[in-house]
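Heads up, the thing below is written out as structure tokens.
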Amino acid sequence: KAVVLSLAHYAKIQKRSFGWILFDRVVHKAKKYSEGRLLPEDMLELVESCAGGGTDFESPLRKAVEMIQKEGLKKADICFITDGECAVSDQFLRELKVAKKNLEINIFTILCDVGSTSDATIREFSDRIETVSNFTAEEAENKLFRHM
């Protein structure tokens, strides 16, 4: 939640579009805020929202690409926060790679590597992976924002 809130705040300050997708085995919420137009109640919703168990990577990644396309963006960043415990189909992986190339999308994955985790699937589509266990207060901001 801290990462999502930080990214939302950064988008607001920079007047950048920000999209947020809450998912587990299904997409529960998907919202976009053009040009950093996030209200305090939007930020509160980000913090208070929770998903359940289970994971499906394909639905939220498809939704993220759709949001990028609808906004008419190029060179967008997707910050994917997960424990990595999921697989994707070969067909989906091909489609995602085409979309990444055509829209110049960068996928930055934050792996919540506490408890059971795996990076096998995220390595197939992520441009960069950072693990939560390697974050320190001093370097978290640099690791999160240096490529955005």
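Order determines the names: the first chain of the structure tokens is A, the second B, and so forth; residues in each chain are numbered 1 upward, and ligands are numbered 1 upward as they are shown.
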Please identify which residues in chain A DSSP calls alpha helix (DSSP H) from the backbone, and express them as a PyMOL selection string.
chain A and resi 2-14+40-48+58-71+90-103+122-125+137-145
Name the residues of stretch 37-129 of chain A that fall into strand (DSSP E) according to DSSP on the backbone, using the chain letters and numbers of this document, as a list in words.
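Assigned to strand (DSSP E), within stretch 37-129 of chain A: Asp77, Ile78, Cys79, Phe80, Ile81, Thr82, Asn106, Ile107, Phe108, Thr109, Ile110, Leu111, Arg128 and Ile129 of chain A.
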Which neighbours of A:Glu45 fall inside 12 Å, counting only C-alpha atoms, when residues of the same chain fewer than 4 positions from it are skipped, and could you give them as an mmCIF file with N, CA and C atoms, in the first residue's frame?
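The file below, result09.cif, is the result:
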data_model
loop_
_atom_site.group_PDB
_atom_site.id
_atom_site.type_symbol
_atom_site.label_atom_id
_atom_site.label_comp_id
_atom_site.auth_asym_id
_atom_site.auth_seq_id
_atom_site.Cartn_x
_atom_site.Cartn_y
_atom_site.Cartn_z
ATOM 1 N N LYS A 1 0.819 -1.194 0.000
ATOM 2 C CA LYS A 1 0.000 0.000 0.000
ATOM 3 C C LYS A 1 0.860 1.254 0.000
ATOM 4 N N VAL A 4 1.987 1.916 -3.588
ATOM 5 C CA VAL A 4 0.898 2.456 -4.409
ATOM 6 C C VAL A 4 0.637 3.910 -4.055
ATOM 7 N N LEU A 5 0.586 4.204 -2.777
ATOM 8 C CA LEU A 5 0.351 5.572 -2.350
ATOM 9 C C LEU A 5 1.496 6.488 -2.794
ATOM 10 N N ALA A 8 1.075 7.106 -6.519
ATOM 11 C CA ALA A 8 -0.042 8.028 -6.753
ATOM 12 C C ALA A 8 0.371 9.464 -6.420
ATOM 13 N N TRP A 20 -4.759 2.556 -11.521
ATOM 14 C CA TRP A 20 -4.648 1.663 -10.373
ATOM 15 C C TRP A 20 -5.583 0.493 -10.584
ATOM 16 N N ILE A 21 -5.056 -0.705 -10.411
ATOM 17 C CA ILE A 21 -5.841 -1.926 -10.596
ATOM 18 C C ILE A 21 -5.660 -2.788 -9.349
ATOM 19 N N LEU A 22 -6.758 -3.058 -8.680
ATOM 20 C CA LEU A 22 -6.754 -3.928 -7.518
ATOM 21 C C LEU A 22 -7.195 -5.313 -7.988
ATOM 22 N N LYS A 29 -11.078 -3.646 -8.884
ATOM 23 C CA LYS A 29 -11.229 -2.227 -9.203
ATOM 24 C C LYS A 29 -10.174 -1.846 -10.222
ATOM 25 N N ALA A 30 -10.561 -0.953 -11.110
ATOM 26 C CA ALA A 30 -9.614 -0.382 -12.066
ATOM 27 C C ALA A 30 -10.020 1.074 -12.260
ATOM 28 N N LYS A 31 -9.137 1.974 -11.885
ATOM 29 C CA LYS A 31 -9.443 3.402 -11.982
ATOM 30 C C LYS A 31 -8.267 4.126 -12.608
ATOM 31 N N LEU A 38 -5.805 13.414 -8.694
ATOM 32 C CA LEU A 38 -6.176 12.550 -7.572
ATOM 33 C C LEU A 38 -6.616 13.423 -6.408
ATOM 34 N N LEU A 39 -7.802 13.181 -5.922
ATOM 35 C CA LEU A 39 -8.323 13.913 -4.776
ATOM 36 C C LEU A 39 -7.920 13.195 -3.488
ATOM 37 N N PRO A 40 -7.988 13.854 -2.358
ATOM 38 C CA PRO A 40 -7.666 13.183 -1.097
ATOM 39 C C PRO A 40 -8.488 11.910 -0.881
ATOM 40 N N GLU A 41 -9.757 11.925 -1.256
ATOM 41 C CA GLU A 41 -10.579 10.720 -1.099
ATOM 42 C C GLU A 41 -10.138 9.584 -2.031
ATOM 43 N N SER A 49 -8.344 -0.043 0.301
ATOM 44 C CA SER A 49 -8.796 -1.171 -0.517
ATOM 45 C C SER A 49 -7.943 -2.410 -0.290
ATOM 46 N N CYS A 50 -8.606 -3.547 -0.259
ATOM 47 C CA CYS A 50 -7.922 -4.830 -0.049
ATOM 48 C C CYS A 50 -8.452 -5.869 -1.033
#
Determine the nearest neighbour of A:Glu58 from the options A:Lys74, A:Gly115, A:Ile105, A:Ile122, counting only C-alpha atoms.
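When distances to A:Glu58 are compared using only C-alpha atoms, the smallest one comes from A:Ile122.
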What lies within 8 Å of stretch 12-16 of chain A using only C-alpha atoms, ignoring chain neighbours under 2 positions off, as a list in words?
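In the requested format, the answer is Ala8, His9, Tyr10, Phe18, Ser34, Glu35, Gly36, Arg37 and Leu38 of chain A.
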